[in-house]
Structures are given as C-alpha cells and as structure tokens.
Amino acid sequence: MRVSLVVLTKDNPQELKDTLSSICTQASISRVSSPCSLEVVLVDGSLEPQPQEFFECFELDNIKLVYLRDFPPQGIYPGMNVGLSASTGDWVLFLNSGDLFFDVSSLRRLLQCCFDFHNRFGSQASVVFGQALICPSHSSSCKPWLVPDPAVHSMRRWLRIYYPNHQSLLVNGSWARAHPFQTDSPQSADRVWMRAALSDPQRVAYLAEPVVRFSLGGVSSGLPDWPTLKVRLREPTRTWGEKLSEVIKFALRPWAGHYPRLMALRSNLIGRLV
C-alpha cells in the first residue's frame with residue numbers, strides 16, 4: 001500500500017521545510033496492519049528551486065519524491081490537480097506548505113482507522129479523516145481548537161453542516177484521481193470535492209483524534225474584502241447558505257481581531273448541538 005502526500009508551495013521555503021520535516025516523522029506507517037510506503041508529490045511554484053537539504057530525510061526514510069516545477073498560474077486548485085494526476089498512491093492526502101502533522105503517529109493512526117473500519121464492516125472506507133488543530137496567529141489571544149469538536153455526538157449530522165479540514169482527509173486514490181478539483185471556483189473547490197468524497201456516510205471512517213495542525217492566515221480562512229466577496233458569491237460550488245455565510249463574514253470585518261474566537265465558538269456550539 002502506498003500513501004501519496006501532495007504538497008503545494010510557492011515562495012515560502014521555511015514553511016515548506018517545516019512541512020517536509022513533519023512528513024519525515026511519519027515513518028511509523030510501516031507498523032500498521034499492512035506494509036505501507038510514502039510518496040511525496042511536491043508542486044513548486046517558487047522562483048527558485050528548493051535546496052537539496054530539504055529532501056535529505058526522504059532518502060534516509062526511503063520516501064519516494066516526485067518534484068514538479070509546474071505550479072499553474074491559475075492558482076491553488078489547478079496546482080492540486082497537477083499533484084493529484086502525478087500521484088500513484090492507494091490513498092491521497094493534501095498538504096499546503098506550512099501544514100503539519102499533529103505528531104509522529106498521525107498518519108499511522110489514520111491508516112489504522114482505515115484497517116479497523118474494514119475489519120469491522122467488511123468493506124473498504126472511501127475516506128478516513130481525523131481532527132485538525134486550528135491555530136490562530138501569534139497575535140491572537142484565542143487558544144487553538146479542534147475541528148471536528150470533540151463534543152460531536154453524531155458525525156453524520158455534523159457533516160451536513162460542516163466540513164473537515166482537507167489536510168486531515170485520506171481519500172481513496174483511484175476516486176481522487178477520477179474526480180479532480182473544479183477550476184471555476186478559485187476559493188472553494190475543495191468544498192464540492194469533499195462534499196462528493198463524503199457523500200456516502202456508510203464508507204466514511206472518522207478518527208476522533210487530532211492528526212494535523214492548521215494555521216489560520218490563508219485566503220480561504222480569512223474575512224473577505226469586497227473584491228474577494230464578489231468572487232466567492234460568484235462561485236458555483238457554494239450553496240446559498242454558504243454564500244450567506246460569506247456575507248456575514250464580510251460584515252464582521254470591523255471586528256476581524258475577534259474572528260478566530262468566533263470561529264472557535266461556532267465549532268464548539270455545533271459540536272455540542274449535534
């Protein structure tokens with residue numbers, strides 16, 4: 001069995017180095033129920049190629065590297081499609097530079113959850129996902145929180161109103177390569193992609209443990225300005241409820257410093273209600 005980790009980067013070498021170092025800690029996947037290997041597909045849009053020292057740990061841990069200097073100018077989701085088409089793994093997980101695994105056992109625990117699902121139900125899961133630790137910026141007084149919230153009682157109900165972080169999802173590789181990201185939604189294509197991947201709750205395995213660390217600050221996690229709001233409202237992948245949510249986010253811009261706390265509160269409330 002092979003797991004493909006698709007990593008995107010563009011002119012942020014320190015964050016990329018952190019992500020690659022985190023990947024190198026996942027060698028413990030060899031201790032799951034079936035022999036496993038790692039493949040890293042790096043899609044790099046940086047002006048300069050990455051130094052060889054970034055990849056030295058891959059050679060020590062026998063991790064296959066596919067290094068692509070082929071980041072499409074159209075943006076992140078076309079870039080994810082480039083990495084996806086180059087992947088060969090039975091399972092695929094997407095990371096952006098700066099994203100980190102929660103600890104050295106994160107990937108092994110996700111795979112073990114997959115094997116446990118098969119042993120319990122006699123069929124293969126199409127998706128397995130865990131919790132993501134959301135980390136606000138250093139300037140925020142808000143403490144990190146988990147998505148999904150640990151208080152969730154019914155994951156099926158939670159998935160009707162919330163999305164996991166895509167960094168915490170292992171998706172069947174064959175399905176993923178047959179369903180590339182839509183490129184007509186520059187900021188929300190992962191929503192419709194996850195919606196499709198998670199559409200059959202009978203084949204979704206959930207690990208109620210943190211597996212990745214995700215730092216706020218990207219375009220998709222911030223409050224939209226007026227041009228960004230117009231882009232998001234035109235995206236065909238967003239439901240009317242999601243578009244209303246973007247309008248509310250725009251109205252919250254004067255209180256942007258409190259937004260991480262509101263995000264944490266919303267996650268906790270939904271977790272307790274479902």
# chains A, B, ... in the order shown; residues from 1 in each chain; ligands from 1

$ closest_atom_pairs --of "range 148-239 of chain A" --to "range 98-105 of chain A" --cutoff "12 Å" --atoms "only C-alpha atoms" --output "tab-separated table"
residue	atom	partner	partner_atom	distance
A:Asn165	CA	A:Asp99	CA	11.0
A:His166	CA	A:Asp99	CA	10.8
A:Gln167	CA	A:Asp99	CA	7.6
A:Ser168	CA	A:Phe101	CA	8.8
A:Leu169	CA	A:Phe101	CA	11.8
A:Glu209	CA	A:Phe102	CA	9.6
A:Pro210	CA	A:Phe102	CA	6.4
A:Val211	CA	A:Phe102	CA	4.8
A:Val212	CA	A:Phe101	CA	4.2
A:Arg213	CA	A:Leu100	CA	5.2
A:Phe214	CA	A:Asp99	CA	5.5
A:Ser215	CA	A:Asp99	CA	7.1
A:Leu216	CA	A:Asp99	CA	10.2
A:Gly217	CA	A:Gly98	CA	10.7
A:Gly218	CA	A:Gly98	CA	10.4

$ residues_around --residues "Pro51 in chain A" --least-positions-apart "2" --cutoff "12 Å" --atoms "only C-alpha atoms" --output "PDB file with N, CA and C atoms, in the first residue's frame"
ATOM      1  N   PRO A  13       9.887  29.127   1.688  1.00  0.00           N
ATOM      2  CA  PRO A  13      10.776  27.999   1.948  1.00  0.00           C
ATOM      3  C   PRO A  13      10.769  27.514   3.386  1.00  0.00           C
ATOM      4  N   GLN A  14      10.679  28.414   4.367  1.00  0.00           N
ATOM      5  CA  GLN A  14      10.711  27.956   5.756  1.00  0.00           C
ATOM      6  C   GLN A  14       9.484  27.122   6.083  1.00  0.00           C
ATOM      7  N   LEU A  16       7.688  25.446   3.942  1.00  0.00           N
ATOM      8  CA  LEU A  16       7.846  24.181   3.232  1.00  0.00           C
ATOM      9  C   LEU A  16       8.780  23.249   3.990  1.00  0.00           C
ATOM     10  N   LYS A  17       9.891  23.775   4.464  1.00  0.00           N
ATOM     11  CA  LYS A  17      10.840  22.948   5.215  1.00  0.00           C
ATOM     12  C   LYS A  17      10.170  22.327   6.437  1.00  0.00           C
ATOM     13  N   SER A  46       7.728  28.197  -6.781  1.00  0.00           N
ATOM     14  CA  SER A  46       8.683  29.199  -6.300  1.00  0.00           C
ATOM     15  C   SER A  46       9.593  29.676  -7.431  1.00  0.00           C
ATOM     16  N   GLU A  48      12.769  30.106  -7.211  1.00  0.00           N
ATOM     17  CA  GLU A  48      13.987  29.310  -7.168  1.00  0.00           C
ATOM     18  C   GLU A  48      13.657  27.892  -6.712  1.00  0.00           C
ATOM     19  N   PRO A  49      14.349  26.880  -7.261  1.00  0.00           N
ATOM     20  CA  PRO A  49      14.125  25.504  -6.796  1.00  0.00           C
ATOM     21  C   PRO A  49      14.558  25.352  -5.343  1.00  0.00           C
ATOM     22  N   GLU A  53      19.009  19.971   0.584  1.00  0.00           N
ATOM     23  CA  GLU A  53      18.962  19.605   2.002  1.00  0.00           C
ATOM     24  C   GLU A  53      17.533  19.418   2.500  1.00  0.00           C
ATOM     25  N   PHE A  54      16.556  20.042   1.838  1.00  0.00           N
ATOM     26  CA  PHE A  54      15.168  19.876   2.239  1.00  0.00           C
ATOM     27  C   PHE A  54      14.715  18.426   2.107  1.00  0.00           C
ATOM     28  N   PHE A  55      15.355  17.672   1.208  1.00  0.00           N
ATOM     29  CA  PHE A  55      14.876  16.333   0.875  1.00  0.00           C
ATOM     30  C   PHE A  55      15.771  15.213   1.421  1.00  0.00           C
ATOM     31  N   GLU A  56      16.773  15.567   2.212  1.00  0.00           N
ATOM     32  CA  GLU A  56      17.707  14.552   2.685  1.00  0.00           C
ATOM     33  C   GLU A  56      17.039  13.499   3.554  1.00  0.00           C
ATOM     34  N   TYR A  67       9.103  15.638  -7.689  1.00  0.00           N
ATOM     35  CA  TYR A  67       9.273  17.091  -7.560  1.00  0.00           C
ATOM     36  C   TYR A  67       8.881  17.752  -8.877  1.00  0.00           C
TER      37      TYR A  67
END

$ atom_distance --atom1 "CA of Ser37 in chain A" --atom2 "CA of Phe181 in chain A"
25.2 Å

$ residues_around --residues "Arg156 in chain A" --least-positions-apart "5" --cutoff "10 Å" --atoms "only C-alpha atoms" --output "list in words"
Ile161, Leu198, Asp200, Pro201, Gln202, Val204 and Val274 of chain A

$ residues_around --residues "Gly122 in chain A" --least-positions-apart "5" --cutoff "12 Å" --atoms "only C-alpha atoms" --output "MDAnalysis selection string"
chainID A and resid 114:117 202:203

$ closest_residue --among "A:Pro136, A:Pro78, A:Gly241, A:Gly130" --to "Ala189 in chain A" --atoms "only C-alpha atoms"
A:Pro78

$ residues_around --residues "Asp90 in chain A" --least-positions-apart "6" --cutoff "9 Å" --atoms "only C-alpha atoms" --output "count of residues only"
8

$ atom_distance --atom1 "CA of Gln52 in chain A" --atom2 "CA of Leu65 in chain A"
11.8 Å

$ select_by_dssp --residues "range 95-199 of chain A" --states "strand (DSSP E or B)" --output "PyMOL selection string"
chain A and resi 95-96+100-101+127-135+145-147+169-172

$ residues_around --residues "Trp226 in chain A" --least-positions-apart "2" --cutoff "12 Å" --atoms "only C-alpha atoms" --output "list in words"
Leu223, Pro224, Thr228, Leu229, Lys230, Val231, Arg232, Leu233, Glu246, Val247, Lys249, Phe250, Ala251 and Arg253 of chain A

$ write_last_selection --atoms "C-alpha atoms" --output "CSV table (one decimal), in the first residue's frame"
chain,number,residue,atom,x,y,z
A,223,LEU,CA,-12.6,37.5,6.3
A,224,PRO,CA,-13.3,38.6,2.7
A,228,THR,CA,-13.0,38.7,-2.5
A,229,LEU,CA,-16.6,38.6,-1.5
A,230,LYS,CA,-17.7,39.1,-5.1
A,231,VAL,CA,-15.5,36.2,-6.2
A,232,ARG,CA,-16.9,34.0,-3.5
A,233,LEU,CA,-20.5,34.9,-4.3
A,246,GLU,CA,-19.6,34.9,3.3
A,247,VAL,CA,-21.8,38.0,3.5
A,249,LYS,CA,-18.1,37.3,7.3
A,250,PHE,CA,-17.8,40.5,5.3
A,251,ALA,CA,-19.9,42.3,7.8
A,253,ARG,CA,-14.5,42.8,9.1

$ atom_distance --atom1 "CA of Ala264 in chain A" --atom2 "CA of Trp158 in chain A"
15.3 Å

$ residues_around --residues "Phe58 in chain A" --least-positions-apart "5" --cutoff "10 Å" --atoms "only C-alpha atoms" --output "ChimeraX atom specification"
/A:20-21,23-24,27,38-40,53,63-65

$ closest_residue --among "A:Leu133, A:Val66, A:Leu95, A:Leu84" --to "Ser22 in chain A" --atoms "only C-alpha atoms"
A:Leu95
